[in-house]
Amino acid sequence: MTTYDKPFKTYREQIDLLKSRNLIIENDDFAIHALSTISYYDLINRYQSYFMPDGHNFIDNTSIEQLYSLSMLDKSIQAFILKYSMLIENIFKTKLSYTLSNDFGVDTSTYLAQPKYRESYQNPNGALTFLSVVAECKKTIEDNKIANNPTLYYRDHHNHIPPWILLKNLSFSNSINLFKLLKTAQREKIVEELIPNDNIPPNDRLNFILCSLEAIRLLRNAAAHNLHFTAMRIDETRKLAPTVLAKLLPGGILIQKSNKKVSPKEKPYLKGIYGIMLSMLIYLKTDYLMSEFIIDFLSIFNGANITSQEVKLFLFECYAHISDMPIDITNRFNQYLTSLQQE
């Protein structure tokens, strides 16, 4: 018989285990509610690095109510990320479909014709080919199973499928891949549409777009599929250049500098959720959308269902530590919001 190292435990057994590990549980009924809705793994393991640094026992005065409130805060931030990542995906697809239509036409036979694209693009994990991306486009066109599928409707009721329809059903990942394979003229048009900034060379902006869109997509997937969201860090292949970020968000508020350079202490922040949030701000572009983004984020903390300001601060400090966010993020966003409203 196999002795499993992670055997099934009832909720009562889970509670007994947590109590033996120094977690404060004064209300067993609440603990059962927490474990039966959020799950042991998401409630305990997700925040283990902060509350159980030795991997065995919780730090003193840690309660299951604190873990539950932290998890609710985490869920709110994930919902916020989902909202704006969907908007950014829509912005990107709109710019891409406009260029494809304007430059190549509105029929798949013209805007997906191989001569319009590079044969391949070298991704960090291997070559991306035009044929593989077109194969994914054809799957989308031929898929009869997707409910409310505008591509299917156009296929059956119109004599062509324009880019702005196909891209509605094409995944974010495959849309990015299509962009990667475009030739220089079309890519530069989209770069200029997404990030118009004469102070940054087109190639630096292109690299930023490629890295940031992939990072936004991965963060969105982590939120959508309940993965380890707070552990999200940008790897070297998708690294957001700090100097480019600082030029796109000038003023030294959101990214602090030392001796006119991005401060070394800022770099860990830019590799995590905070860095991806800053790149999202850049795509929103207008003062109105940027202000909405900041107000929505600040409202997560201001509207948290916790009466004690001290507890709110404690939970936020925990979250900032776990996710590598700057501890003064709310002050930074408040200052930046003020600067936007004064323009």
# chains A, B, ... in the order shown; residues from 1 in each chain; ligands from 1
>>> residues_around(residues="Pro124 in chain A", least_positions_apart="4", cutoff="12 Å", atoms="only C-alpha atoms", output="MDAnalysis selection string")
chainID A and resid 128 210:211 235:239
>>> write_last_selection(atoms="N, CA, C and O atoms", output="compact mmCIF listing (two decimals), in the first residue's frame")
# COMPACT_ATOMS: atom_id res chain seq x y z
N LEU A 128 8.61 30.69 -33.64
CA LEU A 128 7.19 30.80 -33.96
C LEU A 128 7.08 30.90 -35.48
O LEU A 128 7.77 31.71 -36.09
N LEU A 210 6.10 43.94 -26.85
CA LEU A 210 6.17 42.48 -26.90
C LEU A 210 6.27 41.88 -25.49
O LEU A 210 5.60 40.89 -25.17
N CYS A 211 7.12 42.49 -24.66
CA CYS A 211 7.30 41.96 -23.30
C CYS A 211 6.08 42.23 -22.42
O CYS A 211 5.62 41.34 -21.69
N ASP A 235 9.79 36.93 -16.00
CA ASP A 235 11.11 36.31 -16.22
C ASP A 235 11.95 37.18 -17.15
O ASP A 235 11.48 38.18 -17.72
N GLU A 236 13.19 36.82 -17.32
CA GLU A 236 14.14 37.64 -18.09
C GLU A 236 13.71 37.79 -19.55
O GLU A 236 14.03 38.78 -20.20
N THR A 237 12.99 36.80 -20.09
CA THR A 237 12.59 36.87 -21.51
C THR A 237 11.49 37.91 -21.73
O THR A 237 11.26 38.32 -22.86
N ARG A 238 10.79 38.31 -20.65
CA ARG A 238 9.72 39.31 -20.78
C ARG A 238 10.01 40.53 -19.92
O ARG A 238 9.10 41.26 -19.54
N LYS A 239 11.25 40.75 -19.61
CA LYS A 239 11.66 41.82 -18.69
C LYS A 239 11.25 43.19 -19.22
O LYS A 239 11.53 43.55 -20.37
>>> residues_around(residues="range 172-176 of chain A", least_positions_apart="3", cutoff="8 Å", atoms="only C-alpha atoms", output="ChimeraX atom specification")
/A:89,93,133,136,167,179-180,210,213-214,217
>>> residues_around(residues="Ile59 in chain A", least_positions_apart="6", cutoff="12 Å", atoms="only C-alpha atoms", output="PDB file with C-alpha atoms, in the first residue's frame")
ATOM      1  CA  ARG A  21       0.781  24.795  13.807  1.00  0.00           C
ATOM      2  CA  ASN A  22       0.036  27.871  15.938  1.00  0.00           C
ATOM      3  CA  LEU A  23      -2.814  29.331  13.826  1.00  0.00           C
ATOM      4  CA  ILE A  24      -5.415  31.076  15.982  1.00  0.00           C
ATOM      5  CA  TYR A  47       0.617  33.010   1.856  1.00  0.00           C
ATOM      6  CA  GLN A  48       2.947  30.554   3.575  1.00  0.00           C
ATOM      7  CA  SER A  49       6.124  32.485   2.801  1.00  0.00           C
ATOM      8  CA  TYR A  50       4.920  35.394   4.939  1.00  0.00           C
ATOM      9  CA  PHE A  51       2.940  33.747   7.734  1.00  0.00           C
ATOM     10  CA  MET A  52       4.816  30.440   8.011  1.00  0.00           C
ATOM     11  CA  PRO A  53       8.432  31.250   7.064  1.00  0.00           C
TER      12      PRO A  53
END
>>> closest_residue(among="A:Leu166, A:Asn123, A:Ser171, A:Gln78", to="Glu142 in chain A", atoms="only C-alpha atoms")
A:Leu166
>>> atom_distance(atom1="CA of Met290 in chain A", atom2="CA of Tyr319 in chain A")
23.0 Å
>>> residues_around(residues="Leu43 in chain A", least_positions_apart="6", cutoff="7 Å", atoms="only C-alpha atoms", output="ChimeraX atom specification")
/A:67-68,71
>>> select_by_dssp(residues="range 107-267 of chain A", states="alpha helix (DSSP H)", output="ChimeraX atom specification")
/A:108-111,130-142,150-157,163-169,172-181,184-194,202-224,242-248,267
>>> closest_residue(among="A:Thr184, A:Asn169, A:Thr94, A:Pro326", to="Tyr117 in chain A", atoms="only C-alpha atoms")
A:Thr184
>>> atom_distance(atom1="CA of Ile88 in chain A", atom2="CA of Tyr336 in chain A")
20.3 Å
>>> residues_around(residues="Ile190 in chain A", least_positions_apart="3", cutoff="7 Å", atoms="only C-alpha atoms", output="VMD selection string")
chain A and resid 95 to 96 186 to 187 193 to 194
>>> write_last_selection(atoms="all heavy atoms", output="PDB file, in the first residue's frame")
ATOM      1  N   LYS A  95      -6.266  48.016 -32.624  1.00  0.00           N
ATOM      2  CA  LYS A  95      -5.159  48.603 -33.403  1.00  0.00           C
ATOM      3  C   LYS A  95      -4.652  47.611 -34.450  1.00  0.00           C
ATOM      4  O   LYS A  95      -4.361  47.988 -35.593  1.00  0.00           O
ATOM      5  CB  LYS A  95      -4.000  48.985 -32.472  1.00  0.00           C
ATOM      6  CG  LYS A  95      -4.358  49.877 -31.304  1.00  0.00           C
ATOM      7  CD  LYS A  95      -4.799  51.243 -31.702  1.00  0.00           C
ATOM      8  CE  LYS A  95      -4.944  52.141 -30.470  1.00  0.00           C
ATOM      9  NZ  LYS A  95      -5.584  53.441 -30.802  1.00  0.00           N
ATOM     10  N   LEU A  96      -4.533  46.342 -34.052  1.00  0.00           N
ATOM     11  CA  LEU A  96      -4.033  45.318 -34.970  1.00  0.00           C
ATOM     12  C   LEU A  96      -4.996  45.113 -36.128  1.00  0.00           C
ATOM     13  O   LEU A  96      -4.585  45.084 -37.295  1.00  0.00           O
ATOM     14  CB  LEU A  96      -3.827  44.003 -34.208  1.00  0.00           C
ATOM     15  CG  LEU A  96      -3.391  42.774 -35.019  1.00  0.00           C
ATOM     16  CD1 LEU A  96      -2.077  43.027 -35.748  1.00  0.00           C
ATOM     17  CD2 LEU A  96      -3.273  41.551 -34.111  1.00  0.00           C
ATOM     18  N   GLN A 186       4.214  47.419 -40.929  1.00  0.00           N
ATOM     19  CA  GLN A 186       2.951  47.279 -40.201  1.00  0.00           C
ATOM     20  C   GLN A 186       3.185  47.275 -38.680  1.00  0.00           C
ATOM     21  O   GLN A 186       2.413  47.865 -37.931  1.00  0.00           O
ATOM     22  CB  GLN A 186       2.220  45.999 -40.625  1.00  0.00           C
ATOM     23  CG  GLN A 186       1.517  46.111 -41.969  1.00  0.00           C
ATOM     24  CD  GLN A 186       2.498  46.177 -43.133  1.00  0.00           C
ATOM     25  OE1 GLN A 186       3.504  45.463 -43.148  1.00  0.00           O
ATOM     26  NE2 GLN A 186       2.215  47.046 -44.102  1.00  0.00           N
ATOM     27  N   ARG A 187       4.250  46.620 -38.258  1.00  0.00           N
ATOM     28  CA  ARG A 187       4.527  46.610 -36.822  1.00  0.00           C
ATOM     29  C   ARG A 187       4.776  48.029 -36.311  1.00  0.00           C
ATOM     30  O   ARG A 187       4.307  48.401 -35.230  1.00  0.00           O
ATOM     31  CB  ARG A 187       5.735  45.719 -36.511  1.00  0.00           C
ATOM     32  CG  ARG A 187       5.414  44.247 -36.534  1.00  0.00           C
ATOM     33  CD  ARG A 187       6.318  43.418 -35.656  1.00  0.00           C
ATOM     34  NE  ARG A 187       7.736  43.632 -35.849  1.00  0.00           N
ATOM     35  CZ  ARG A 187       8.667  42.717 -35.557  1.00  0.00           C
ATOM     36  NH1 ARG A 187       8.309  41.529 -35.088  1.00  0.00           N
ATOM     37  NH2 ARG A 187       9.948  42.974 -35.726  1.00  0.00           N
ATOM     38  N   GLU A 193       0.720  53.599 -32.827  1.00  0.00           N
ATOM     39  CA  GLU A 193      -0.645  53.739 -32.326  1.00  0.00           C
ATOM     40  C   GLU A 193      -0.723  53.443 -30.830  1.00  0.00           C
ATOM     41  O   GLU A 193      -1.414  54.130 -30.081  1.00  0.00           O
ATOM     42  CB  GLU A 193      -1.577  52.790 -33.088  1.00  0.00           C
ATOM     43  CG  GLU A 193      -1.970  53.264 -34.472  1.00  0.00           C
ATOM     44  CD  GLU A 193      -2.940  54.431 -34.418  1.00  0.00           C
ATOM     45  OE1 GLU A 193      -3.849  54.421 -33.576  1.00  0.00           O
ATOM     46  OE2 GLU A 193      -2.766  55.381 -35.204  1.00  0.00           O
ATOM     47  N   LEU A 194      -0.019  52.409 -30.405  1.00  0.00           N
ATOM     48  CA  LEU A 194      -0.086  51.999 -29.003  1.00  0.00           C
ATOM     49  C   LEU A 194       0.718  52.911 -28.091  1.00  0.00           C
ATOM     50  O   LEU A 194       0.268  53.280 -27.006  1.00  0.00           O
ATOM     51  CB  LEU A 194       0.409  50.548 -28.850  1.00  0.00           C
ATOM     52  CG  LEU A 194      -0.490  49.450 -29.417  1.00  0.00           C
ATOM     53  CD1 LEU A 194       0.238  48.108 -29.395  1.00  0.00           C
ATOM     54  CD2 LEU A 194      -1.795  49.352 -28.630  1.00  0.00           C
TER      55      LEU A 194
END
>>> closest_residue(among="A:Leu289, A:Leu181, A:Leu87, A:Met232", to="Leu219 in chain A", atoms="only C-alpha atoms")
A:Met232
>>> residues_around(residues="Arg155 in chain A", least_positions_apart="5", cutoff="12 Å", atoms="only C-alpha atoms", output="PyMOL selection string")
chain A and resi 107-108+138+140-144+149-150+160-162+165-166
>>> atom_distance(atom1="CA of Ser85 in chain A", atom2="CA of Ser279 in chain A")
10.5 Å
>>> residues_around(residues="Asn203 in chain A", least_positions_apart="6", cutoff="12 Å", atoms="only C-alpha atoms", output="JSON, numbers by chain")
{"A": [184, 187, 188, 191, 192, 195, 197, 209, 210, 244]}
>>> select_by_dssp(residues="range 5-182 of chain A", states="strand (DSSP E)", output="ChimeraX atom specification")
/A:120-123,126-129
>>> write_last_selection(atoms="N, CA and C atoms", output="tab-separated table (two decimals), in the first residue's frame")
chain	number	residue	atom	x	y	z
A	120	SER	N	8.96	33.37	-39.93
A	120	SER	CA	9.10	32.92	-38.55
A	120	SER	C	9.54	34.07	-37.66
A	121	TYR	N	9.40	33.84	-36.36
A	121	TYR	CA	9.85	34.81	-35.36
A	121	TYR	C	10.49	34.01	-34.24
A	122	GLN	N	11.67	34.43	-33.79
A	122	GLN	CA	12.38	33.67	-32.78
A	122	GLN	C	11.93	34.06	-31.37
A	123	ASN	N	11.08	33.24	-30.80
A	123	ASN	CA	10.68	33.40	-29.40
A	123	ASN	C	11.78	32.87	-28.50
A	126	GLY	N	11.70	29.09	-28.51
A	126	GLY	CA	11.67	28.41	-29.81
A	126	GLY	C	11.06	29.28	-30.89
A	127	ALA	N	11.18	28.81	-32.12
A	127	ALA	CA	10.71	29.59	-33.26
A	127	ALA	C	9.19	29.53	-33.39
A	128	LEU	N	8.61	30.69	-33.64
A	128	LEU	CA	7.19	30.80	-33.96
A	128	LEU	C	7.08	30.90	-35.48
A	129	THR	N	6.25	30.08	-36.09
A	129	THR	CA	6.14	30.10	-37.55
A	129	THR	C	4.82	30.70	-38.00
>>> closest_residue(among="A:Phe92, A:Ala79, A:Ser97, A:Cys318", to="His225 in chain A", atoms="only C-alpha atoms")
A:Ala79
